[in-house]
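Chemist: Have a look at this one before I ask anything.
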Protein chains: 4
Amino acid sequence: MIIILQPDMTHNSQAYKDLMNHLDNLPNIQVRVHEEQGVQQVLTELYLIGDTASLNLDVMQQLTGVERAVRVSAEYRILGRRRDERRPTAFEYNGVRFGQDNLNVFAGLCAVDNPTHVEMMLKVLQEHGQVCTRMGAYKPRTNPYSFQGHGKSCLPYVFELAGKYAIRVIAMEVTHETHVQEIHAALEQTGHPTGVMLQIGTRNTQNFELLKHIGRERHFPVLLKRGFGITLEESLNAAEYLASEGNTRVVFGLRGMKTNMGDPHRNFVDFAHVPVVKRLTRMPVCIDPSHSVGTRDASPEGLLDVMHVTAQGVIAGANMVLVDFHPVPSKALVDGPQALTPDELPVFLEDVRIARDAYEKRVANVRVLRKID
Amino acid sequence: MIIILQPDMTHNSQAYKDLMNHLDNLPNIQVRVHEEQGVQQVLTELYLIGDTASLNLDVMQQLTGVERAVRVSAEYRILGRRRDERRPTAFEYNGVRFGQDNLNVFAGLCAVDNPTHVEMMLKVLQEHGQVCTRMGAYKPRTNPYSFQGHGKSCLPYVFELAGKYAIRVIAMEVTHETHVQEIHAALEQTGHPTGVMLQIGTRNTQNFELLKHIGRERHFPVLLKRGFGITLEESLNAAEYLASEGNTRVVFGLRGMKTNMGDPHRNFVDFAHVPVVKRLTRMPVCIDPSHSVGTRDASPEGLLDVMHVTAQGVIAGANMVLVDFHPVPSKALVDGPQALTPDELPVFLEDVRIARDAYEKRVANVRVLRKID
Amino acid sequence: MIIILQPDMTHNSQAYKDLMNHLDNLPNIQVRVHEEQGVQQVLTELYLIGDTASLNLDVMQQLTGVERAVRVSAEYRILGRRRDERRPTAFEYNGVRFGQDNLNVFAGLCAVDNPTHVEMMLKVLQEHGQVCTRMGAYKPRTNPYSFQGHGKSCLPYVFELAGKYAIRVIAMEVTHETHVQEIHAALEQTGHPTGVMLQIGTRNTQNFELLKHIGRERHFPVLLKRGFGITLEESLNAAEYLASEGNTRVVFGLRGMKTNMGDPHRNFVDFAHVPVVKRLTRMPVCIDPSHSVGTRDASPEGLLDVMHVTAQGVIAGANMVLVDFHPVPSKALVDGPQALTPDELPVFLEDVRIARDAYEKRVANVRVLRKID
Amino acid sequence: MIIILQPDMTHNSQAYKDLMNHLDNLPNIQVRVHEEQGVQQVLTELYLIGDTASLNLDVMQQLTGVERAVRVSAEYRILGRRRDERRPTAFEYNGVRFGQDNLNVFAGLCAVDNPTHVEMMLKVLQEHGQVCTRMGAYKPRTNPYSFQGHGKSCLPYVFELAGKYAIRVIAMEVTHETHVQEIHAALEQTGHPTGVMLQIGTRNTQNFELLKHIGRERHFPVLLKRGFGITLEESLNAAEYLASEGNTRVVFGLRGMKTNMGDPHRNFVDFAHVPVVKRLTRMPVCIDPSHSVGTRDASPEGLLDVMHVTAQGVIAGANMVLVDFHPVPSKALVDGPQALTPDELPVFLEDVRIARDAYEKRVANVRVLRKID
């Protein structure tokens with residue numbers, strides 16, 4: 001249950017203390033205080049966790065200082081959209097804006113292999129005006145005997161090179177809380193030449209302990225990938241774990257679902273859910289065309305399927321694209337077969353631009369014809 | 001096994017007769033003759049069906065008059081693409097062209113209810129330059145106690161009204177061979193004011209008896225929907241049933257897959273397979289956004305999900321769009337909740353045009369940058 | 001909507017005529033009369049089909065002669081169980097009883113290939129006391145170039161040999177209404193030496209035209225297989241098509257669902273639904289272990305997976321087992337890899353007996369301890 | 001790649017040192033030493049991890065001291081079965097044997113709520129001769145606002161009560177490495193009155209960091225549940241993470257797969273995989289009927305679906321049953337609707353006994369008739 005306090009209530013008021021005292025004495029109920037800084041005032045919400053089924057909603061609403069009490073259900077969550085809300089659907093990190101209304105491309109290496117390849121990649125990104133990238137240091141692999149990533153040892157040179165080529169945000173998967181500390185330390189050590197967006201992969205979407213840790217760690221924004229065998233609802237609830245611990249700078253990532261119905265693609269591409277996530281939540285939506293498709297197959301027109309599904313996500317309003325490139329795909333340690341090459345970057349970026357442009361025309365078209373705005 | 005004859009071989013040549021005689025005497029093997037009219041010559045292929053595993057490919061290739069013998073596998077089929085082929089990827093019917101390189105929109109009624117609604121729909125289509133529509137007379141329903149369509153009784157007025165508003169092709173689902181005869185008869189009776197594309201729905205994708213019947217009935221082109229619980233490969237094989245009986249004027253339709261992983265959409269939208277079907281086969285590809293999505297939910301930008309997924313299919317090269325409209329969705333007998341209204345038609349068509357335009361720019365972009373052509 | 005008439009109402013009474021006259025005048029409503037012969041009286045139900053949403057339930061209940069009116073929903077169907085009902089959950093055909101409380105094994109050939117193999121199979125069945133078998137004459141195949149069964153040409157010798165070895169019921173798949181006529185004719189021609197249970201395969205579960213035809217054809221009992229990509233609910237509704245047309249002698253068959261989550265089995269075995277179908281409907285439940293598993297792999301104990309899943313179905317109360325045998329699996333034209341051999345029949349039958357015995361002990365155990373009966 | 005050393009090779013031999021020196025100098029390759037204590041000798045294997053694709057198998061096999069080199073593939077893993085192997089398929093923990101040839105029932109509370117309920121449960125278990133139970137202290141929940149378990153605070157009384165009622169092994173889910181430490185500490189503090197089997201739930205099946213930690217922590221046996229959206233192969237590879245770090249005392253748990261094809265059950269019951277896991281690996285196989293079924297629905301015979309699927313797992317050779325009980329299901333904090341009650345325990349245990357008895361008869365039947373042994 002969420003209790004929304006009246007806007008004029010301060011934490012040292014007697015009313016606040018009385019209310020908290022009352023709530024603390026409810027049996028089997030824990031209270032967590034959540035504050036959201038609005039433009040003009042602070043919104044305070046109290047989250048009651050535990051045996052809330054035993055509480056009477058009307059009684060709770062009539063407590064002094066309470067504006068409204070809401071049972072937490074699918075329709076309501078910190079990251080969710082409510083009918084009348086004016087909460088933000090965007091945030092900024094290290095000079096880059098992430099919102100439901102803009103688009104950032106994160107092209108880069110699925111797995112960091114060596115400084116040469118990292119530099120080749122970052123250089124070409126800068127040449128084409130990109131300020132974001134993806135770089136995988138920690139790689140969860142299905143088979144324990146496969147290469148698991150270079151881990152913290154590669155972080156210093158990755159960060160330094162990113163700074164050299166003016167990259168502002170690197171999306172980087174983490175699979176354990178120590179990885180966050182290692183990233184912190186390496187950024188510190190190298191003088192913060194760049195920023196990091198922590199990426200939580202599909203195998204850890206419901207690793208709630210990791211989510212809670214990263215939720216408390218509010219420094220980094222988070223890209224949470226959808227779990228590949230669970231419903232959209234369940235994955236959105238996982239994102240809520242981050243928010244309920246305090247980190248609302250979350251981008252939600254679609255990456256395809258595991259089922260042979262999607263063959264011959266590696267996963268069943270689920271980018272039709274881009275508008276759904278934007279309707280249900282305040283999160284910007286990322287698409288991962290590389291892991292969805294998993295091959296370099298092309299249609300007869302000469303366009304790669306990876307490019308087709310990227311265009312599909314973007315024309316429906318996707319806000320971030322995470323895409324695998326590699327200077328020499330045949331030598332990539334992980335997922336080489338699906339990687340694009342640096343010389344394909346301009347074609348890819350132009351393809352994305354065409355799709356984004358079409359998206360914006362579509363929005364204008366519906367506004368004009370529907371006489372909206 | 002498919003045996004491709006030498007191009008200069010006529011059916012009354014002795015070599016042809018000797019070959020056929022030899023093949024007819026093979027145990028447990030049936031021979032079916034298939035001819036494809038090319039621009040300059042007739043291509044004759046013999047399909048051997050039955051215990052072909054016992055045949056030796058080399059021996060077959062050395063028979064007099066045989067150019068090549070090919071084992072039928074996933075990679076090879078009449079509707080499939082072969083590496084070196086120059087077979088057509090388009091056909092024309094009643095003045096309308098259906099190809100892998102163009103786009104037709106079929107907006108209309110999921111289920112015909114009465115002449116008034118049919119006329120309202122056709123009139124608005126003509127006003128916006130459309131020459132195709134969808135009109136459902138035979139409706140397969142999950143529940144036997146639901147409305148099953150008006151059947152043959154509505155055909156005469158549907159066809160006459162189509163003629164009145166210059167509609168050239170109506171996509172119309174059939175679920176039994178008698179429906180094809182009824183359509184034939186009603187077109188005859190009304191003086192062929194329009195044309196019909198027979199539509200085979202997802203519940204009948206593997207109703208091979210129906211496919212064989214319609215394959216032998218070569219008058220009408222066919223829209224075959226993908227089966228909603230089978231792999232893409234299996235559905236493409238079902239299309240091959242039509243072709244193996246003689247009808248190669250087949251459009252392949254994507255309409256979403258049944259699994260709760262696609263929630264809150266009615267089905268899991270599978271339009272990422274548009275480029276895949278074009279790569280694997282010679283069939284134009286249709287998308288059915290209405291049955292895939294199943295609702296009128298919209299994203300925060302004001303665009304319906306039905307429009308988003310349509311744009312996704314079109315920007316990846318879809319060649320046909322089958323979409324539900326209804327003058328009064330709340331009174332529609334079938335699938336009202338997902339229908340668009342006639343006053344939304346111009347927005348919808350403009351949305352499709354934007355996406356198609358983007359598709360064409362994408363193709364041009366990849367050609368220029370890859371220096372193709 | 002279903003209208004249940006008062007038990008004492010005859011068809012030539014004035015009240016009946018008045019009621020029918022009233023119902024026939026309802027707009028957009030068709031009336032279908034359904035009678036079920038009970039032990040002491042005839043139960044007459046009227047099925048209203050069409051725009052029944054516009055009817056008021058209370059008004060309908062108060063019409064003269066009406067005992068009760070029920071909206072048809074998931075919970076209600078002819079084949080469904082209702083709370084207070086005393087309808088039969090069993091039927092007899094050609095001397096064999098099919099009920100929710102007994103068990104019949106149908107071991108036989110997936111596809112008839114020649115008289116020798118048919119006779120070898122039937123002979124060993126008789127030697128082990130079996131009076132049922134499966135024999136496939138019409139085979140729907142994914143690939144149009146695969147062997148499609150010997151069709152009507154094999155029927156006479158199959159039926160005669162069945163008579164010779166005292167087989168009373170043959171389960172035989174049909175995929176078109178003409179097959180039913182052919183079976184009729186061949187039984188007539190051979191003097192009805194045996195009986196046939198018409199089998200509708202998973203590709204035709206929602207081929208409603210075929211279901212309606214066979215529903216009207218009330219001579220043969222029917223085995224309807226579950227559709228492999230649809231929910232259980234949808235398949236049960238398909239069975240209702242048979243019943244709504246008049247044939248309630250239906251056995252419902254589980255045969256596994258198509259998804260790679262069931263690998264390495266060919267399909268995802270769904271026999272946990274045996275008790276569910278018995279709870280929801282009056283139909284006996286059949287399991288098809290051969291097509292579910294699709295291989296001859298065995299566990300370390302030496303028991304084939306086909307035997308394991310058979311035992312799983314039977315210990316949960318399955319009423320019929322459809323299982324593939326072949327004298328020489330390597331020469332079987334269809335599905336050889338999953339077939340058991342005739343010398344494995346006694347082991348298999350004993351395995352089934354052990355599982356059935358356990359099922360009966362389980363029922364006795366729950367009765368004693370729960371003090372039921 | 002796995003390199004199996006010659007059996008007579010000691011770690012201080014020169015040949016061993018030379019070999020290790022050679023391997024350590026291979027680029028991008030890490031070497032991990034794994035020893036397995038056999039009855040008469042120690043088997044030493046070296047696991048090469050990293051860019052093993054660049055190594056030549058023949059060259060590796062010819063190195064001094066190497067008996068055999070094997071590329072790690074699906075067919076080979078520590079927990080996997082190899083054709084010629086004599087490795088154990090059982091282990092013992094705290095006086096209880098876990099093997100592919102016996103059966104243990106773990107009935108208990110899904111979530112510990114208070115000492116009274118815990119004691120009620122343990123008392124009835126002892127009365128019916130049980131020495132194992134399940135007790136959930138750490139509960140991963142889809143919704144962050146749901147009750148998450150009492151955590152470490154309940155451990156002391158749970159362990160003490162277990163000791164009082166002679167329970168030897170408690171299955172207990174952990175979701176973070178600190179939970180293992182807390183369990184260690186609580187057992188230490190209470191004087192080790194019982195033992196714990198660490199349970200890894202379906203949401204953490206591919207939480208490889210947790211698996212690696214628990215793999216290194218070799219004190220406790222582990223129950224690893226199958227991931228609910230991944231293939232069986234992928235889950236078996238996850239188990240291999242435990243083994244590759246040193247813990248081979250692993251039980252593999254089936255708990256149903258997430259898909260609406262299993263409705264009305266909560267998950268699609270996958271117990272047909274019991275014999276498959278036994279064939280592919282050396283792990284005992286556990287079934288979790290409660291989470292698979294998720295309801296207390298019963299078949300017309302009066303047997304709960306939970307009991308039906310338990311019997312299905314056991315008759316196919318399951319080695320462990322994890323089942324939810326609760327003294328007052330309506331007051332259970334988690335998953336109450338699926339719980340059995342303590343007064344149903346004797347019926348349940350007898351039901352399991354009947355199924356196990358049938359399994360043993362089946363094994364005897366196949367042995368006699370196949371003349372095995």
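By order of appearance in the structure tokens: chains A, B, ..., then residues from 1 within every chain, and ligands from 1 in the order shown.
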Residues at most 10 Å from Ser299 (chain B), counting only C-alpha atoms, excluding those fewer than 2 positions away in the same chain, as a ChimeraX atom specification?

Modeler: /A:274-280,316-317 /B:297,301-305,308

Chemist: Hey, can you spit out that residue selection with N, CA, C and O atoms as a short mmCIF file (atom, residue, chain, number, x, y, z; two decimals), in the first residue's frame?

Modeler:
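Dumped everything to out.cif:
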data_model
loop_
_atom_site.label_atom_id
_atom_site.label_comp_id
_atom_site.auth_asym_id
_atom_site.auth_seq_id
_atom_site.Cartn_x
_atom_site.Cartn_y
_atom_site.Cartn_z
N VAL A 274 7.27 -1.80 -27.63
CA VAL A 274 7.80 -0.45 -27.39
C VAL A 274 6.69 0.51 -26.96
O VAL A 274 6.77 1.12 -25.89
N PRO A 275 5.61 0.65 -27.75
CA PRO A 275 4.56 1.58 -27.31
C PRO A 275 3.85 1.13 -26.04
O PRO A 275 3.35 1.96 -25.27
N VAL A 276 3.83 -0.17 -25.78
CA VAL A 276 3.16 -0.67 -24.58
C VAL A 276 3.91 -0.23 -23.33
O VAL A 276 3.31 0.26 -22.36
N VAL A 277 5.23 -0.37 -23.34
CA VAL A 277 6.02 0.03 -22.17
C VAL A 277 5.90 1.54 -21.95
O VAL A 277 5.80 2.00 -20.81
N LYS A 278 5.87 2.30 -23.04
CA LYS A 278 5.73 3.75 -22.88
C LYS A 278 4.35 4.12 -22.34
O LYS A 278 4.20 5.12 -21.63
N ARG A 279 3.35 3.34 -22.69
CA ARG A 279 1.99 3.61 -22.18
C ARG A 279 1.89 3.25 -20.70
O ARG A 279 1.27 3.96 -19.92
N LEU A 280 2.52 2.16 -20.32
CA LEU A 280 2.36 1.66 -18.95
C LEU A 280 3.30 2.31 -17.95
O LEU A 280 3.02 2.34 -16.76
N ALA A 316 8.40 2.95 -34.06
CA ALA A 316 7.35 2.88 -33.05
C ALA A 316 7.71 3.68 -31.80
O ALA A 316 7.00 3.61 -30.79
N GLY A 317 8.84 4.41 -31.85
CA GLY A 317 9.15 5.32 -30.76
C GLY A 317 10.22 4.87 -29.78
O GLY A 317 10.33 5.44 -28.69
N ASP B 297 -5.79 0.20 -27.84
CA ASP B 297 -4.91 0.94 -26.95
C ASP B 297 -3.93 1.79 -27.76
O ASP B 297 -3.53 1.42 -28.86
N GLU B 301 1.85 9.10 -27.38
CA GLU B 301 1.86 10.05 -28.50
C GLU B 301 0.50 10.14 -29.18
O GLU B 301 0.30 10.97 -30.06
N GLY B 302 -0.43 9.24 -28.86
CA GLY B 302 -1.74 9.27 -29.48
C GLY B 302 -1.90 8.31 -30.65
O GLY B 302 -2.95 8.26 -31.28
N LEU B 303 -0.86 7.53 -30.93
CA LEU B 303 -0.93 6.56 -32.02
C LEU B 303 -1.38 5.22 -31.47
O LEU B 303 -0.85 4.73 -30.47
N LEU B 304 -2.35 4.61 -32.15
CA LEU B 304 -2.82 3.30 -31.73
C LEU B 304 -1.73 2.24 -31.92
O LEU B 304 -0.96 2.32 -32.88
N ASP B 305 -1.71 1.25 -31.04
CA ASP B 305 -0.77 0.14 -31.23
C ASP B 305 -0.96 -0.51 -32.59
O ASP B 305 0.00 -0.96 -33.23
N HIS B 308 1.08 1.42 -34.82
CA HIS B 308 2.51 1.20 -34.58
C HIS B 308 2.99 -0.10 -35.25
O HIS B 308 4.01 -0.12 -35.91
#

Chemist: Quick one: contact table of chain C to chain A, 12 Å max, nearest atom pair and distance in Å to one decimal per residue, counting only C-alpha atoms, chain and number order, as CSV?

Modeler:
residue,atom,partner,partner_atom,distance
C:Gly229,CA,A:Met261,CA,10.4
C:Lys258,CA,A:Asn260,CA,9.3
C:Thr259,CA,A:Asn260,CA,6.6
C:Asn260,CA,A:Asn260,CA,5.8
C:Met261,CA,A:Thr259,CA,7.6
C:Gly262,CA,A:Thr259,CA,10.9
C:Asp263,CA,A:Asn260,CA,10.7

Chemist: What does the file look like for those residues with N, CA, C and O atoms, as a compact mmCIF listing (two decimals), in the first residue's frame?

Modeler:
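selection28.txt written:
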# COMPACT_ATOMS: atom_id res chain seq x y z
N GLY C 229 -1.14 -25.69 -30.60
CA GLY C 229 -0.68 -24.32 -30.32
C GLY C 229 -1.76 -23.48 -29.69
O GLY C 229 -1.67 -22.26 -29.70
N LYS C 258 3.43 -28.00 -29.01
CA LYS C 258 4.61 -27.63 -29.78
C LYS C 258 5.34 -26.47 -29.12
O LYS C 258 4.85 -25.35 -29.10
N THR C 259 6.49 -26.69 -28.58
CA THR C 259 7.37 -25.64 -28.08
C THR C 259 8.71 -26.28 -27.77
O THR C 259 8.76 -27.42 -27.29
N ASN C 260 9.78 -25.55 -28.02
CA ASN C 260 11.10 -26.12 -27.77
C ASN C 260 11.38 -26.28 -26.29
O ASN C 260 12.38 -26.86 -25.91
N MET C 261 10.48 -25.78 -25.42
CA MET C 261 10.67 -25.98 -23.99
C MET C 261 10.52 -27.47 -23.63
O MET C 261 10.90 -27.88 -22.55
N GLY C 262 9.94 -28.26 -24.53
CA GLY C 262 9.79 -29.69 -24.26
C GLY C 262 10.96 -30.52 -24.76
O GLY C 262 11.02 -31.71 -24.51
N ASP C 263 11.92 -29.89 -25.44
CA ASP C 263 13.07 -30.64 -25.95
C ASP C 263 13.76 -31.36 -24.81
O ASP C 263 13.82 -30.81 -23.71

Chemist: Determine, counting only C-alpha atoms, which protein, DNA and RNA residues have an atom within 9 Å of an atom of Arg249 (chain C); residues of the same chain fewer than 6 positions away are not included. Present the result as a ChimeraX atom specification.

Modeler: /C:90-93,98,218,220-223,242-243,283

Chemist: Give the strand (DSSP E) residues of region 43-252 of chain A, as assigned by DSSP on the backbone, as a ChimeraX atom specification.

Modeler: /A:43-50,66-70,90-93,96-99,104-109,132-135,169-173,195-200,222-225,250-252

Chemist: Please report, as a Markdown table, each residue of region 239-290 of chain A lying at most 10 Å from region 328-351 of chain A, together with the nearest pair of atoms and the separation in Å rounded to one decimal; use only C-alpha atoms, and order rows by chain and ascending residue number.

Modeler:
| residue | atom | partner | partner_atom | distance |
| --- | --- | --- | --- | --- |
| A:Arg266 | CA | A:Gln338 | CA | 9.8 |
| A:Pro289 | CA | A:Gln338 | CA | 9.4 |
| A:Ser290 | CA | A:Gln338 | CA | 5.9 |

Chemist: Based on DSSP run over this structure's backbone, return all residues of region 210-366 of chain C in alpha helix (DSSP H), as JSON, numbers by chain.

Modeler: {"C": [210, 211, 212, 213, 214, 215, 216, 232, 233, 234, 235, 236, 237, 238, 239, 240, 241, 242, 243, 244, 274, 275, 276, 277, 278, 279, 280, 289, 290, 291, 292, 293, 305, 306, 307, 308, 309, 310, 311, 312, 313, 314, 315, 345, 346, 347, 348, 349, 350, 351, 352, 353, 354, 355, 356, 357, 358, 359, 360, 361, 362, 363, 364, 365, 366]}

Chemist: Could you check the closest approach to Gln62 (chain A) for each of A:Ile29, A:Met197, A:Leu103, A:Leu5 and tell me which residue wins, using only C-alpha atoms?

Modeler: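 Nearest to Gln62 (chain A): A:Leu5.
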
Chemist: Might you pull out every residue within 7 Å of Arg32 (chain A), with only C-alpha atoms counted and same-chain residues fewer than 5 positions away left off, and present them as a compact mmCIF listing (two decimals) with all heavy atoms, in the first residue's frame?

Modeler:
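In the end it all went to around.txt:
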# COMPACT_ATOMS: atom_id res chain seq x y z
N LEU A 46 4.71 7.08 1.58
CA LEU A 46 5.11 6.01 2.51
C LEU A 46 4.69 4.69 1.89
O LEU A 46 3.53 4.53 1.50
CB LEU A 46 4.41 6.20 3.86
CG LEU A 46 4.57 7.60 4.47
CD1 LEU A 46 3.79 7.69 5.79
CD2 LEU A 46 6.05 7.92 4.71
N TYR A 47 5.65 3.77 1.78
CA TYR A 47 5.33 2.45 1.25
C TYR A 47 5.14 1.50 2.41
O TYR A 47 6.06 1.30 3.20
CB TYR A 47 6.44 1.93 0.34
CG TYR A 47 6.69 2.80 -0.87
CD1 TYR A 47 7.87 2.71 -1.60
CD2 TYR A 47 5.73 3.72 -1.29
CE1 TYR A 47 8.09 3.52 -2.70
CE2 TYR A 47 5.94 4.53 -2.40
CZ TYR A 47 7.12 4.42 -3.09
OH TYR A 47 7.33 5.21 -4.18
N LEU A 48 3.96 0.91 2.52
CA LEU A 48 3.72 -0.09 3.56
C LEU A 48 3.92 -1.45 2.93
O LEU A 48 3.30 -1.77 1.91
CB LEU A 48 2.30 0.04 4.11
CG LEU A 48 1.88 1.45 4.58
CD1 LEU A 48 0.61 1.36 5.42
CD2 LEU A 48 3.00 2.10 5.39

Chemist: Grab the CA of Ala162 (chain C) to CA of His176 (chain C) distance for me, in Å with one decimal place.

Modeler: 23.2 Å

Chemist: As an exercise, work out the distance from CA of Tyr157 (chain A) to CA of Val112 (chain A) in Å and give it to one decimal place.

Modeler: 10.5 Å

Chemist: Nearest to Pro264 (chain D): which of C:Lys212, C:Gln100, C:Leu232, C:Ala298 is it, counting only C-alpha atoms?

Modeler: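 The answer is C:Leu232, which sits nearest to Pro264 (chain D).
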
Chemist: Which polymer residues have any atom within 8 Å of an atom of Asp288 (chain C), counting only C-alpha atoms, with same-chain residues fewer than 2 positions away left out, as a VMD selection string?

Modeler: chain C and resid 253 to 256 286 290 to 292 310 321 to 323

Chemist: Rounded to one decimal in Å, what is the spacing between CA of His34 (chain B) and CA of Ala15 (chain B)?

Modeler: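 Computing the Euclidean distance for CA of His34 (chain B) and CA of Ala15 (chain B) yields 17.4 Å.
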
Chemist: Looking at only C-alpha atoms, which of C:Met20, C:Leu236, C:Ala186, C:Val269 is the one that sits closest to Thr281 (chain C)?

Modeler: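 Looking only at the distances to Thr281 (chain C), the closest residue turns out to be C:Leu236.
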